[in-house]
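Q: Pasting protein_9.csv here (CSV, C-alpha atoms and all ligand atoms):
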```
chain,number,residue,atom,x,y,z
A,1,MET,CA,149.7,83.3,-20.6
A,2,ARG,CA,149.6,85.1,-17.3
A,3,PRO,CA,153.1,86.2,-16.0
A,4,ALA,CA,154.1,84.0,-13.1
A,5,ALA,CA,156.3,86.1,-11.0
A,6,ALA,CA,156.8,84.8,-7.4
A,7,PRO,CA,155.5,87.1,-4.7
A,8,PRO,CA,158.2,88.8,-2.6
A,9,PRO,CA,159.0,86.8,0.6
A,10,GLU,CA,157.5,89.4,2.8
A,11,ALA,CA,154.2,88.9,1.0
A,12,ALA,CA,154.3,85.1,1.3
A,13,ALA,CA,150.8,83.9,1.9
A,14,ALA,CA,150.0,81.7,4.8
A,15,ASP,CA,148.8,79.0,2.3
A,16,ILE,CA,151.5,77.5,0.0
A,17,PHE,CA,149.3,75.3,-2.1
A,18,VAL,CA,145.6,75.7,-2.7
A,19,VAL,CA,143.8,73.0,-4.5
A,20,ARG,CA,140.2,73.7,-5.7
A,21,ASP,CA,137.7,71.2,-7.2
A,22,LEU,CA,140.6,69.2,-8.7
A,23,SER,CA,139.9,66.2,-10.9
A,24,VAL,CA,142.4,64.2,-12.9
A,25,ASP,CA,141.5,61.7,-15.5
A,26,PHE,CA,143.8,59.3,-17.4
A,27,GLU,CA,142.8,57.9,-20.7
A,28,ILE,CA,143.9,54.3,-20.8
A,29,GLN,CA,143.7,51.6,-23.4
A,30,SER,CA,141.7,48.6,-22.4
A,31,GLY,CA,141.7,45.0,-23.6
A,32,PHE,CA,144.5,42.9,-25.1
A,33,LEU,CA,147.0,45.1,-26.9
A,34,GLY,CA,144.6,48.0,-26.3
A,35,LEU,CA,142.1,46.6,-28.8
A,36,GLY,CA,139.3,47.2,-26.3
A,37,GLY,CA,139.4,51.0,-27.0
A,38,HIS,CA,139.9,53.8,-24.6
A,39,GLN,CA,138.5,54.1,-21.0
A,40,THR,CA,138.7,57.1,-18.7
A,41,LEU,CA,140.1,56.5,-15.3
A,42,ARG,CA,139.3,59.2,-12.8
A,43,ALA,CA,142.3,59.1,-10.4
A,44,VAL,CA,141.4,62.3,-8.4
A,45,GLN,CA,137.9,63.6,-8.0
A,46,ASP,CA,136.7,67.0,-6.8
A,47,VAL,CA,139.5,67.5,-4.3
A,48,SER,CA,139.8,70.8,-2.4
A,49,ILE,CA,142.6,71.2,0.1
A,50,THR,CA,144.5,74.1,1.5
A,51,PHE,CA,148.1,73.4,2.5
A,52,ARG,CA,149.4,75.8,5.2
A,53,ARG,CA,153.0,77.1,4.9
A,54,GLY,CA,155.4,75.5,7.4
A,55,ALA,CA,152.9,72.7,8.3
A,56,CYS,CA,152.9,69.0,7.6
A,57,PHE,CA,149.8,67.9,5.7
A,58,ALA,CA,149.4,64.1,5.3
A,59,ILE,CA,147.5,62.4,2.5
A,60,VAL,CA,146.4,58.9,3.5
A,61,GLY,CA,144.7,56.1,1.8
A,62,GLU,CA,145.1,52.6,0.4
A,63,SER,CA,147.0,51.8,-2.8
A,64,GLY,CA,145.3,53.3,-5.9
A,65,SER,CA,143.4,56.0,-4.0
A,66,GLY,CA,145.1,58.8,-6.0
A,67,LYS,CA,147.7,60.1,-3.5
A,68,THR,CA,150.6,60.2,-5.9
A,69,THR,CA,148.5,61.7,-8.7
A,70,LEU,CA,147.5,64.5,-6.4
A,71,ALA,CA,151.1,65.1,-5.4
A,72,ARG,CA,152.3,65.1,-9.0
A,73,THR,CA,149.6,67.6,-9.8
A,74,LEU,CA,150.9,69.9,-7.1
A,75,MET,CA,154.3,69.9,-8.8
A,76,GLY,CA,152.8,70.5,-12.2
A,77,LEU,CA,153.9,67.1,-13.4
A,78,VAL,CA,150.2,66.1,-14.2
A,79,ARG,CA,147.7,68.5,-15.6
A,80,PRO,CA,144.3,68.9,-13.9
A,81,THR,CA,141.4,67.7,-16.1
A,82,SER,CA,139.3,70.3,-14.2
A,83,GLY,CA,139.8,72.5,-11.2
A,84,ARG,CA,142.8,74.5,-10.1
A,85,VAL,CA,146.1,74.1,-8.3
A,86,GLU,CA,147.8,77.3,-7.0
A,87,PHE,CA,151.4,77.5,-5.7
A,88,ASP,CA,152.1,80.7,-3.9
A,89,ARG,CA,148.9,82.2,-5.2
A,90,VAL,CA,149.8,81.5,-8.9
A,91,SER,CA,147.9,78.8,-10.9
A,92,VAL,CA,150.4,76.0,-11.6
A,93,GLY,CA,148.7,75.6,-15.0
A,94,ASP,CA,149.6,79.2,-16.0
A,95,LEU,CA,153.3,78.9,-15.2
A,96,ASP,CA,155.7,79.3,-18.2
A,97,GLY,CA,158.8,77.3,-18.7
A,98,ARG,CA,161.1,79.4,-16.5
A,99,ALA,CA,158.5,79.7,-13.7
A,100,VAL,CA,158.0,75.9,-13.8
A,101,ARG,CA,161.8,75.5,-13.3
A,102,ARG,CA,161.7,77.9,-10.4
A,103,MET,CA,158.8,76.1,-8.8
A,104,ARG,CA,160.5,72.7,-9.2
A,105,ARG,CA,163.4,74.1,-7.1
A,106,ARG,CA,161.1,75.4,-4.5
A,107,VAL,CA,159.1,72.1,-4.3
A,108,GLN,CA,161.2,68.9,-4.1
A,109,MET,CA,160.0,65.4,-4.0
A,110,VAL,CA,161.4,62.4,-2.0
A,111,MET,CA,160.2,59.1,-3.3
A,112,GLN,CA,159.5,55.8,-1.6
A,113,ASP,CA,162.3,53.8,-3.0
A,114,PRO,CA,165.7,55.5,-2.8
A,115,ARG,CA,167.2,52.6,-4.9
A,116,ALA,CA,165.1,53.6,-7.9
A,117,ALA,CA,165.5,57.3,-7.4
A,118,MET,CA,169.3,57.5,-8.1
A,119,ASP,CA,171.9,56.0,-10.4
A,120,PRO,CA,173.6,53.3,-8.4
A,121,ARG,CA,176.9,53.9,-10.2
A,122,GLN,CA,177.0,57.6,-9.3
A,123,ARG,CA,179.0,58.9,-6.3
A,124,VAL,CA,177.0,60.7,-3.6
A,125,ALA,CA,179.0,63.9,-4.2
A,126,SER,CA,178.2,63.8,-7.9
A,127,ILE,CA,174.4,63.2,-7.2
A,128,LEU,CA,174.4,66.3,-4.9
A,129,ARG,CA,176.5,68.4,-7.3
A,130,GLU,CA,174.1,67.6,-10.1
A,131,ALA,CA,171.2,68.9,-8.2
A,132,LEU,CA,173.0,72.2,-7.6
A,133,VAL,CA,174.0,72.5,-11.3
A,134,VAL,CA,170.5,71.7,-12.6
A,135,HIS,CA,169.2,74.6,-10.5
A,136,GLY,CA,172.1,77.0,-11.1
A,137,ILE,CA,173.1,77.1,-7.4
A,138,GLY,CA,176.6,77.9,-6.2
A,139,ARG,CA,179.1,80.6,-7.2
A,140,ASP,CA,181.9,78.2,-8.2
A,141,PRO,CA,183.1,74.6,-7.6
A,142,ALA,CA,184.4,75.5,-4.1
A,143,ASP,CA,181.1,77.0,-3.1
A,144,ARG,CA,179.2,74.0,-4.4
A,145,ARG,CA,181.6,71.7,-2.5
A,146,ARG,CA,181.0,73.7,0.7
A,147,ARG,CA,177.2,73.3,0.3
A,148,ILE,CA,177.6,69.5,-0.4
A,149,GLU,CA,179.7,69.0,2.8
A,150,ALA,CA,177.3,71.0,4.9
A,151,VAL,CA,174.2,69.1,3.6
A,152,ILE,CA,175.7,65.6,4.1
A,153,GLN,CA,176.2,66.4,7.8
A,154,GLN,CA,172.7,67.9,8.0
A,155,VAL,CA,171.2,64.5,7.0
A,156,GLY,CA,173.4,62.6,9.6
A,157,LEU,CA,176.0,61.2,7.2
A,158,ALA,CA,179.8,61.8,7.3
A,159,PRO,CA,182.0,63.5,4.6
A,160,MET,CA,183.4,60.0,3.8
A,161,HIS,CA,180.0,59.0,2.4
A,162,LEU,CA,180.4,61.6,-0.4
A,163,ASP,CA,182.9,59.3,-2.1
A,164,ARG,CA,180.7,56.2,-2.0
A,165,TYR,CA,178.6,55.0,-4.9
A,166,ALA,CA,174.9,54.9,-4.3
A,167,ASN,CA,174.9,51.1,-4.5
A,168,GLN,CA,177.4,50.9,-1.6
A,169,LEU,CA,174.9,52.5,0.8
A,170,SER,CA,172.3,50.9,2.9
A,171,GLY,CA,168.6,51.7,2.3
A,172,GLY,CA,168.5,54.2,5.2
A,173,GLN,CA,171.7,55.9,4.0
A,174,ARG,CA,170.3,56.1,0.5
A,175,GLN,CA,167.2,57.7,1.7
A,176,ARG,CA,169.3,60.2,3.7
A,177,VAL,CA,171.1,61.1,0.4
A,178,ALA,CA,167.7,61.5,-1.4
A,179,ILE,CA,166.7,63.9,1.4
A,180,ALA,CA,170.0,65.7,1.1
A,181,ARG,CA,169.5,66.0,-2.7
A,182,ALA,CA,166.1,67.6,-2.0
A,183,ILE,CA,167.1,70.1,0.6
A,184,ILE,CA,170.4,71.2,-1.0
A,185,VAL,CA,168.5,73.3,-3.4
A,186,GLU,CA,166.9,75.2,-0.5
A,187,PRO,CA,163.2,74.3,-1.2
A,188,GLN,CA,160.2,75.7,0.6
A,189,ALA,CA,158.3,72.4,0.4
A,190,LEU,CA,159.0,68.7,0.3
A,191,ILE,CA,156.6,66.2,-1.1
A,192,LEU,CA,157.4,63.0,0.8
A,193,ASP,CA,155.8,60.0,-1.1
A,194,GLU,CA,155.9,57.0,1.3
A,195,PRO,CA,159.3,58.2,2.5
A,196,VAL,CA,159.9,55.3,4.9
A,197,SER,CA,157.7,52.4,3.8
A,198,ALA,CA,160.5,50.7,1.8
A,199,LEU,CA,162.9,50.7,4.8
A,200,ASP,CA,163.4,48.2,7.6
A,201,VAL,CA,161.2,49.0,10.6
A,202,SER,CA,164.3,49.6,12.7
A,203,ILE,CA,165.5,52.4,10.3
A,204,GLN,CA,162.1,54.0,9.8
A,205,ALA,CA,162.1,55.9,13.1
A,206,GLN,CA,165.5,57.3,12.4
A,207,ILE,CA,164.4,58.8,9.1
A,208,VAL,CA,161.1,60.1,10.6
A,209,ASN,CA,163.2,61.8,13.3
A,210,LEU,CA,165.5,63.3,10.7
A,211,LEU,CA,162.5,64.6,8.7
A,212,VAL,CA,161.0,66.2,11.9
A,213,GLU,CA,164.3,67.8,12.8
A,214,LEU,CA,164.8,69.2,9.3
A,215,GLN,CA,161.3,70.6,9.1
A,216,GLU,CA,161.8,72.5,12.4
A,217,ARG,CA,165.3,73.7,11.4
A,218,LEU,CA,164.5,74.7,7.9
A,219,GLY,CA,160.9,75.8,8.3
A,220,LEU,CA,159.8,73.5,5.5
A,221,THR,CA,156.3,72.7,4.4
A,222,TYR,CA,155.7,68.9,4.1
A,223,VAL,CA,153.2,67.0,2.1
A,224,LEU,CA,153.4,63.5,3.5
A,225,ILE,CA,151.9,60.7,1.4
A,226,THR,CA,151.4,57.4,3.3
A,227,HIS,CA,149.1,54.5,3.7
A,228,ASP,CA,150.3,54.3,7.4
A,229,LEU,CA,148.1,56.4,9.8
A,230,SER,CA,150.5,55.7,12.7
A,231,LEU,CA,153.2,57.7,10.8
A,232,VAL,CA,150.7,60.6,10.4
A,233,GLY,CA,150.0,60.7,14.1
A,234,HIS,CA,153.7,61.3,14.7
A,235,PHE,CA,154.2,64.5,12.7
A,236,ALA,CA,151.4,65.7,10.6
A,237,ASP,CA,149.4,68.8,11.6
A,238,GLU,CA,146.6,68.1,9.2
A,239,VAL,CA,145.4,65.0,7.3
A,240,ALA,CA,143.2,64.2,4.3
A,241,VAL,CA,142.0,60.6,3.9
A,242,MET,CA,141.4,59.5,0.3
A,243,TYR,CA,139.3,56.7,-1.1
A,244,LEU,CA,139.1,56.0,-4.8
A,245,GLY,CA,140.2,59.5,-5.7
A,246,ARG,CA,138.0,61.5,-3.3
A,247,VAL,CA,138.9,63.0,0.0
A,248,VAL,CA,136.4,61.4,2.4
A,249,GLU,CA,137.6,63.1,5.6
A,250,GLN,CA,140.0,65.9,6.4
A,251,GLY,CA,141.0,68.0,9.4
A,252,PRO,CA,143.5,68.6,12.1
A,253,THR,CA,145.3,65.3,12.7
A,254,ARG,CA,144.8,65.1,16.4
A,255,ASP,CA,141.0,65.6,16.0
A,256,VAL,CA,140.7,63.1,13.2
A,257,VAL,CA,142.9,60.5,15.0
A,258,ALA,CA,141.1,61.0,18.4
A,259,ALA,CA,137.6,60.8,16.9
A,260,PRO,CA,137.3,59.9,13.2
A,261,ALA,CA,134.0,61.0,11.6
A,262,HIS,CA,134.2,58.8,8.5
A,263,PRO,CA,133.8,55.0,8.8
A,264,TYR,CA,136.7,54.5,6.4
A,265,THR,CA,139.1,56.6,8.6
A,266,GLU,CA,137.8,54.6,11.6
A,267,SER,CA,138.7,51.4,9.8
A,268,LEU,CA,142.2,52.6,8.9
A,269,LEU,CA,142.8,53.7,12.5
A,270,SER,CA,141.6,50.5,14.0
A,271,VAL,CA,144.4,48.8,12.2
A,272,VAL,CA,146.9,51.2,13.8
A,273,ALA,CA,145.3,50.9,17.3
A,274,SER,CA,146.1,47.2,17.5
A,275,GLU,CA,149.6,46.6,18.8
A,276,ASP,CA,149.7,42.8,18.4
A,277,PRO,CA,150.7,42.0,14.8
A,278,GLY,CA,148.6,38.8,14.7
A,279,GLU,CA,145.5,40.7,16.0
A,280,GLU,CA,146.2,43.6,13.6
A,281,LYS,CA,145.9,41.3,10.6
A,282,ALA,CA,142.7,39.8,11.9
A,283,ARG,CA,141.2,43.3,12.4
A,284,VAL,CA,142.2,44.5,9.0
A,285,VAL,CA,140.3,41.6,7.5
A,286,THR,CA,137.3,42.3,9.7
A,287,LEU,CA,137.1,46.0,9.3
A,288,LEU,CA,138.3,46.5,5.8
A,289,GLU,CA,136.9,43.5,4.0
A,290,GLY,CA,137.9,43.0,0.4
A,291,SER,CA,140.2,45.3,-1.6
A,292,ILE,CA,139.6,48.8,-2.9
A,293,PRO,CA,137.5,48.5,-6.1
A,294,SER,CA,139.0,49.4,-9.5
A,295,PRO,CA,138.7,53.1,-10.3
A,296,LEU,CA,137.4,51.9,-13.6
A,297,ALA,CA,134.4,50.3,-11.9
A,298,GLN,CA,133.6,52.8,-9.2
A,299,PRO,CA,130.6,51.8,-7.0
A,300,PRO,CA,127.7,54.3,-7.3
A,301,GLY,CA,126.6,56.5,-4.4
A,302,CYS,CA,129.2,56.4,-1.6
A,303,ALA,CA,132.1,54.5,-3.2
A,304,PHE,CA,132.9,52.9,0.2
A,305,HIS,CA,129.4,51.3,0.5
A,306,THR,CA,130.7,47.9,-0.7
A,307,ARG,CA,133.0,47.6,2.3
A,308,CYS,CA,131.6,49.9,5.0
A,309,PRO,CA,131.0,48.1,8.3
A,310,HIS,CA,129.0,51.2,9.6
A,311,ALA,CA,126.6,50.9,6.7
A,312,ARG,CA,126.0,47.3,7.5
A,313,ARG,CA,125.4,47.9,11.2
A,314,LEU,CA,123.0,50.8,10.3
A,315,ALA,CA,121.1,48.7,7.8
A,316,ALA,CA,120.0,46.3,10.5
A,317,THR,CA,118.2,49.2,12.3
A,318,LEU,CA,116.4,50.7,9.2
A,319,ALA,CA,113.0,49.9,7.7
A,320,PRO,CA,113.1,47.4,4.8
A,321,ASP,CA,112.2,50.1,2.2
A,322,ARG,CA,115.3,52.1,3.2
A,323,VAL,CA,117.7,49.2,2.6
A,324,VAL,CA,119.1,47.5,-0.5
A,325,ALA,CA,121.1,44.3,-0.9
A,326,VAL,CA,124.7,44.7,-2.2
A,327,ASP,CA,126.7,41.5,-2.7
A,328,GLY,CA,124.1,39.7,-0.6
A,329,ARG,CA,124.3,42.2,2.3
A,330,ALA,CA,122.0,44.9,3.4
A,331,VAL,CA,123.2,48.5,3.2
A,332,PRO,CA,121.2,51.8,3.5
A,333,ARG,CA,119.7,52.7,0.1
A,334,VAL,CA,121.1,56.2,0.3
A,335,CYS,CA,124.6,54.9,0.7
A,336,ALA,CA,124.3,52.8,-2.5
A,337,THR,CA,122.6,55.5,-4.6
A,338,THR,CA,123.6,59.0,-3.5
A,339,LEU,CA,127.1,60.6,-3.3
A,340,PRO,CA,127.4,62.0,0.3
A,341,PRO,CA,128.0,65.7,0.6
A,342,ALA,CA,131.1,66.9,2.6
A,343,HIS,CA,129.7,67.9,6.0
A,344,ARG,CA,131.6,70.5,7.9
A,345,PHE,CA,132.1,70.1,11.6
A,346,ALA,CA,132.3,72.6,14.4
A,347,GLY,CA,135.6,73.4,16.1
A,348,PRO,CA,138.9,75.0,15.3
A,349,GLY,CA,140.4,74.3,11.9
A,350,PRO,CA,138.5,73.1,8.7
A,351,ARG,CA,137.2,69.6,9.4
A,352,SER,CA,134.9,67.7,7.1
A,353,ALA,CA,133.7,64.2,6.3
A,354,SER,CA,131.7,62.9,3.4
A,355,CYS,CA,129.3,60.4,4.8
A,356,HIS,CA,125.5,60.2,5.0
A,357,PHE,CA,125.8,58.9,8.6
A,358,PRO,CA,129.0,60.4,10.1
A,359,LEU,CA,130.2,59.0,13.4
A,360,HIS,CA,129.8,62.4,15.0
A,361,PRO,CA,126.9,64.8,15.1
A,362,LEU,CA,127.2,67.6,12.6
A,363,ALA,CA,127.8,71.2,13.5
A,401,LIG,N1,150.0,57.8,-15.7
A,401,LIG,C1,148.9,57.1,-15.5
A,401,LIG,N2,148.2,56.6,-16.4
A,401,LIG,C2,147.0,55.8,-16.2
A,401,LIG,N3,146.6,55.5,-14.9
A,401,LIG,C3,147.3,56.1,-13.9
A,401,LIG,C4,148.5,56.9,-14.1
A,401,LIG,N4,149.0,57.2,-12.9
A,401,LIG,C5,148.1,56.7,-12.0
A,401,LIG,N5,147.1,56.0,-12.6
A,401,LIG,C6,146.0,55.3,-11.9
A,401,LIG,O1,145.4,56.2,-11.1
A,401,LIG,C7,144.9,55.6,-9.9
A,401,LIG,C8,145.6,56.3,-8.7
A,401,LIG,O2,147.0,56.1,-8.8
A,401,LIG,P1,148.0,56.7,-7.7
A,401,LIG,O3,149.4,56.3,-8.1
A,401,LIG,O4,147.8,58.2,-7.7
A,401,LIG,O5,147.5,56.1,-6.4
A,401,LIG,P2,148.3,56.0,-4.9
A,401,LIG,O6,147.3,56.3,-3.9
A,401,LIG,O7,149.5,56.8,-5.0
A,401,LIG,O8,148.6,54.5,-4.8
A,401,LIG,P3,149.9,53.7,-4.2
A,401,LIG,O9,149.7,53.8,-2.7
A,401,LIG,O10,149.9,52.4,-4.7
A,401,LIG,O11,151.1,54.5,-4.6
A,401,LIG,C9,145.4,54.2,-10.0
A,401,LIG,O12,144.3,53.4,-10.4
A,401,LIG,C10,146.5,54.2,-11.0
A,401,LIG,O13,146.5,52.9,-11.7
A,402,LIG,S1,127.9,57.1,3.3
A,402,LIG,FE1,127.2,55.1,4.0
A,402,LIG,S2,128.6,53.6,3.0
A,402,LIG,FE2,129.5,55.7,2.9
A,402,LIG,S3,130.9,55.8,4.6
A,402,LIG,FE3,128.9,56.7,5.2
A,402,LIG,S4,127.8,55.0,6.2
A,402,LIG,FE4,129.4,54.1,5.0
A,403,MG,MG,151.5,56.4,-4.7
```
Would you encode the structure as structure tokens?

A:
Amino acid sequence: MRPAAAPPPEAAAADIFVVRDLSVDFEIQSGFLGLGGHQTLRAVQDVSITFRRGACFAIVGESGSGKTTLARTLMGLVRPTSGRVEFDRVSVGDLDGRAVRRMRRRVQMVMQDPRAAMDPRQRVASILREALVVHGIGRDPADRRRRIEAVIQQVGLAPMHLDRYANQLSGGQRQRVAIARAIIVEPQALILDEPVSALDVSIQAQIVNLLVELQERLGLTYVLITHDLSLVGHFADEVAVMYLGRVVEQGPTRDVVAAPAHPYTESLLSVVASEDPGEEKARVVTLLEGSIPSPLAQPPGCAFHTRCPHARRLAATLAPDRVVAVDGRAVPRVCATTLPPAHRFAGPGPRSASCHFPLHPLA
């Protein structure tokens, strides 16, 4: 096994995580009581992403698109079936036990549901102390207490909250404690898995503002997982849009949001663009008909062809021999049969989209 020493800080690379050609399969039992045998579920497929240090990179997609699996692979919690994940230029798969513990301190995760993420009968001070003890941080109890009192104020709570039990806190307060527990161990990166989607809308903006402020103050790298593209527009520098385990579009957030190149991104964005809640619902149904297919029954060709409004529009303009019927509707034959390559686009920053008929001309 390769030694996994961390590079010295002065040599820290501009890229914190590098993911190359990553695929993750899960073997699952099918049928009643697993009597149907084993099936392979491909949760992440051929994903390549570079995460820049100090930036916020968002991963967006509907439920089941593989966002959490990708994040867990970054942390070494899930092993790649093929491909490679590097943290600070060292392959996560090559880390030995001590190096994994060191990495877990440097990369912390904040989950969607703070209620599930902590013991309701534990006091806040004890939750935070436990994080310090697990990672061997703090010279003595007084030093640990000083760190706990400092962090509770950093996340906008008062020292009196330290004596509360987790179940005495509101959802927003609990998420602040979860963030405090993550940053108290002085990580380099936070993986934020739907950090505000379980909270009341009125509280969401407060937590987003706190996260933005902490990133600036502590120079953190964020990996933000969300199904909500409006959140991405607020604070992500770059975004990858996932569909059925694949990245279908990625690039600088402002470019992707201003002019999506992939029809799936356009569909997700059109949901965000509408401000009226009633209209929003109607547009979701129009633009993203049906639900995401099961990863166990992935459509051939471009996996989005069963739902793609752009493909349907195009089919009406094509010769009959270039069109096939899918669920009674015409789509371009190439969409239903051939996996689209990732086209790169001109302009600053890496920008790509995997579509046979991207919404922008190629570079
Ligand atoms: N440990 C596991 N064993 C078997 N299948 C899994 C496992 N973890 C995830 N999956 C499957 O992999 C696919 C991707 O799941 P994942 O949780 O990564 O999606 P997600 O984009 O995070 O979805 P959500 O928005 O609902 O959290 C899903 O079909 C899921 O059922
Ligand atoms: S390849 Fe075809 S089906 Fe897939 S997103 Fe592009 S137009 Fe739609
Ligand atoms: Mg998830």

Q: Set the distance at 10 Å and use all atoms listed in the file: which residues neighbour Glu130 (chain A) once local chain neighbours fewer than 6 positions away are removed? I'd like the list as a PyMOL selection string.

A: chain A and resi 124+136-137+144+181

Q: Please produce an output containing C-alpha atoms for each residue in the selection, written as a short mmCIF file (atom, residue, chain, number, x, y, z; two decimals), in the coordinates of the input.

A:
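And here's selection_15.cif as it stands now:
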```cif
data_model
loop_
_atom_site.label_atom_id
_atom_site.label_comp_id
_atom_site.auth_asym_id
_atom_site.auth_seq_id
_atom_site.Cartn_x
_atom_site.Cartn_y
_atom_site.Cartn_z
CA VAL A 124 177.00 60.70 -3.60
CA GLY A 136 172.10 77.00 -11.10
CA ILE A 137 173.10 77.10 -7.40
CA ARG A 144 179.20 74.00 -4.40
CA ARG A 181 169.50 66.00 -2.70
#
```

Q: Choose the residue, out of A:Cys56, A:Leu22, A:Met111, A:Ile28, that has the smallest atom-to-atom separation from ligand MG 403 (chain A); count only C-alpha atoms and all ligand atoms.

A: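 When distances to ligand MG 403 (chain A) are compared using only C-alpha atoms and all ligand atoms, the smallest one comes from A:Met111.
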
Q: Per residue of chain A within 8 Å of ligand MG 403 (chain A), which atom pair is closest and at what distance in Å (one decimal), using all atoms listed in the file, listed by chain and increasing number, as a Markdown table?

A:
```
| residue | atom | partner | partner_atom | distance |
| --- | --- | --- | --- | --- |
| A:Ser63 | CA | A:MG403 | MG | 6.7 |
| A:Gly64 | CA | A:MG403 | MG | 7.0 |
| A:Gly66 | CA | A:MG403 | MG | 7.0 |
| A:Lys67 | CA | A:MG403 | MG | 5.4 |
| A:Thr68 | CA | A:MG403 | MG | 4.1 |
| A:Thr69 | CA | A:MG403 | MG | 7.3 |
| A:Asp193 | CA | A:MG403 | MG | 6.7 |
| A:Glu194 | CA | A:MG403 | MG | 7.5 |
| A:Ile225 | CA | A:MG403 | MG | 7.5 |
```

Q: Collect all residues with atoms no farther than 10 Å from ligand LIG 402 (chain A), counting all atoms listed in the file, and output them as a PDB file with C-alpha atoms, in the frame of the given file.

A:
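This went into result22.pdb:
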```
ATOM      1  CA  VAL A 248     136.400  61.400   2.400  1.00  0.00           C
ATOM      2  CA  GLU A 249     137.600  63.100   5.600  1.00  0.00           C
ATOM      3  CA  ALA A 261     134.000  61.000  11.600  1.00  0.00           C
ATOM      4  CA  HIS A 262     134.200  58.800   8.500  1.00  0.00           C
ATOM      5  CA  PRO A 263     133.800  55.000   8.800  1.00  0.00           C
ATOM      6  CA  TYR A 264     136.700  54.500   6.400  1.00  0.00           C
ATOM      7  CA  THR A 265     139.100  56.600   8.600  1.00  0.00           C
ATOM      8  CA  GLU A 266     137.800  54.600  11.600  1.00  0.00           C
ATOM      9  CA  GLY A 301     126.600  56.500  -4.400  1.00  0.00           C
ATOM     10  CA  CYS A 302     129.200  56.400  -1.600  1.00  0.00           C
ATOM     11  CA  ALA A 303     132.100  54.500  -3.200  1.00  0.00           C
ATOM     12  CA  PHE A 304     132.900  52.900   0.200  1.00  0.00           C
ATOM     13  CA  HIS A 305     129.400  51.300   0.500  1.00  0.00           C
ATOM     14  CA  THR A 306     130.700  47.900  -0.700  1.00  0.00           C
ATOM     15  CA  ARG A 307     133.000  47.600   2.300  1.00  0.00           C
ATOM     16  CA  CYS A 308     131.600  49.900   5.000  1.00  0.00           C
ATOM     17  CA  PRO A 309     131.000  48.100   8.300  1.00  0.00           C
ATOM     18  CA  HIS A 310     129.000  51.200   9.600  1.00  0.00           C
ATOM     19  CA  ALA A 311     126.600  50.900   6.700  1.00  0.00           C
ATOM     20  CA  ARG A 312     126.000  47.300   7.500  1.00  0.00           C
ATOM     21  CA  ARG A 313     125.400  47.900  11.200  1.00  0.00           C
ATOM     22  CA  LEU A 314     123.000  50.800  10.300  1.00  0.00           C
ATOM     23  CA  ALA A 315     121.100  48.700   7.800  1.00  0.00           C
ATOM     24  CA  VAL A 331     123.200  48.500   3.200  1.00  0.00           C
ATOM     25  CA  PRO A 332     121.200  51.800   3.500  1.00  0.00           C
ATOM     26  CA  ARG A 333     119.700  52.700   0.100  1.00  0.00           C
ATOM     27  CA  VAL A 334     121.100  56.200   0.300  1.00  0.00           C
ATOM     28  CA  CYS A 335     124.600  54.900   0.700  1.00  0.00           C
ATOM     29  CA  ALA A 336     124.300  52.800  -2.500  1.00  0.00           C
ATOM     30  CA  THR A 337     122.600  55.500  -4.600  1.00  0.00           C
ATOM     31  CA  THR A 338     123.600  59.000  -3.500  1.00  0.00           C
ATOM     32  CA  LEU A 339     127.100  60.600  -3.300  1.00  0.00           C
ATOM     33  CA  PRO A 340     127.400  62.000   0.300  1.00  0.00           C
ATOM     34  CA  PRO A 341     128.000  65.700   0.600  1.00  0.00           C
ATOM     35  CA  ALA A 353     133.700  64.200   6.300  1.00  0.00           C
ATOM     36  CA  SER A 354     131.700  62.900   3.400  1.00  0.00           C
ATOM     37  CA  CYS A 355     129.300  60.400   4.800  1.00  0.00           C
ATOM     38  CA  HIS A 356     125.500  60.200   5.000  1.00  0.00           C
ATOM     39  CA  PHE A 357     125.800  58.900   8.600  1.00  0.00           C
ATOM     40  CA  PRO A 358     129.000  60.400  10.100  1.00  0.00           C
ATOM     41  CA  LEU A 359     130.200  59.000  13.400  1.00  0.00           C
TER      42      LEU A 359
END
```

Q: Do you have the CA of Arg147 (chain A)-CA of Glu186 (chain A) distance handy?

A: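 Between CA of Arg147 (chain A) and CA of Glu186 (chain A) the gap works out to 10.5 Å.
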
Q: Work out how far CA of Val107 (chain A) is from CA of Ser126 (chain A), in Å to one decimal.

A: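 That distance, rounded to one decimal, is 21.1 Å.
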
Q: Could you write region 130-135 of chain A as a PDB file, in the frame of the given file, with N, CA and C atoms rebuilt where they are missing?

A:
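New file rebuild17.pdb:
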```
ATOM      1  N   GLU A 130     175.035  67.492  -8.989  1.00  0.00           N
ATOM      2  CA  GLU A 130     174.100  67.600 -10.100  1.00  0.00           C
ATOM      3  C   GLU A 130     172.871  68.384  -9.787  1.00  0.00           C
ATOM      4  N   ALA A 131     172.347  68.181  -8.563  1.00  0.00           N
ATOM      5  CA  ALA A 131     171.200  68.900  -8.200  1.00  0.00           C
ATOM      6  C   ALA A 131     171.464  70.437  -8.146  1.00  0.00           C
ATOM      7  N   LEU A 132     172.656  70.790  -7.660  1.00  0.00           N
ATOM      8  CA  LEU A 132     173.000  72.200  -7.600  1.00  0.00           C
ATOM      9  C   LEU A 132     173.163  72.784  -9.035  1.00  0.00           C
ATOM     10  N   VAL A 133     173.805  72.005  -9.898  1.00  0.00           N
ATOM     11  CA  VAL A 133     174.000  72.500 -11.300  1.00  0.00           C
ATOM     12  C   VAL A 133     172.724  72.665 -12.018  1.00  0.00           C
ATOM     13  N   VAL A 134     171.823  71.678 -11.879  1.00  0.00           N
ATOM     14  CA  VAL A 134     170.500  71.700 -12.600  1.00  0.00           C
ATOM     15  C   VAL A 134     169.797  73.038 -12.223  1.00  0.00           C
ATOM     16  N   HIS A 135     169.902  73.453 -10.955  1.00  0.00           N
ATOM     17  CA  HIS A 135     169.200  74.600 -10.500  1.00  0.00           C
ATOM     18  C   HIS A 135     170.054  75.894 -10.487  1.00  0.00           C
TER      19      HIS A 135
END
```
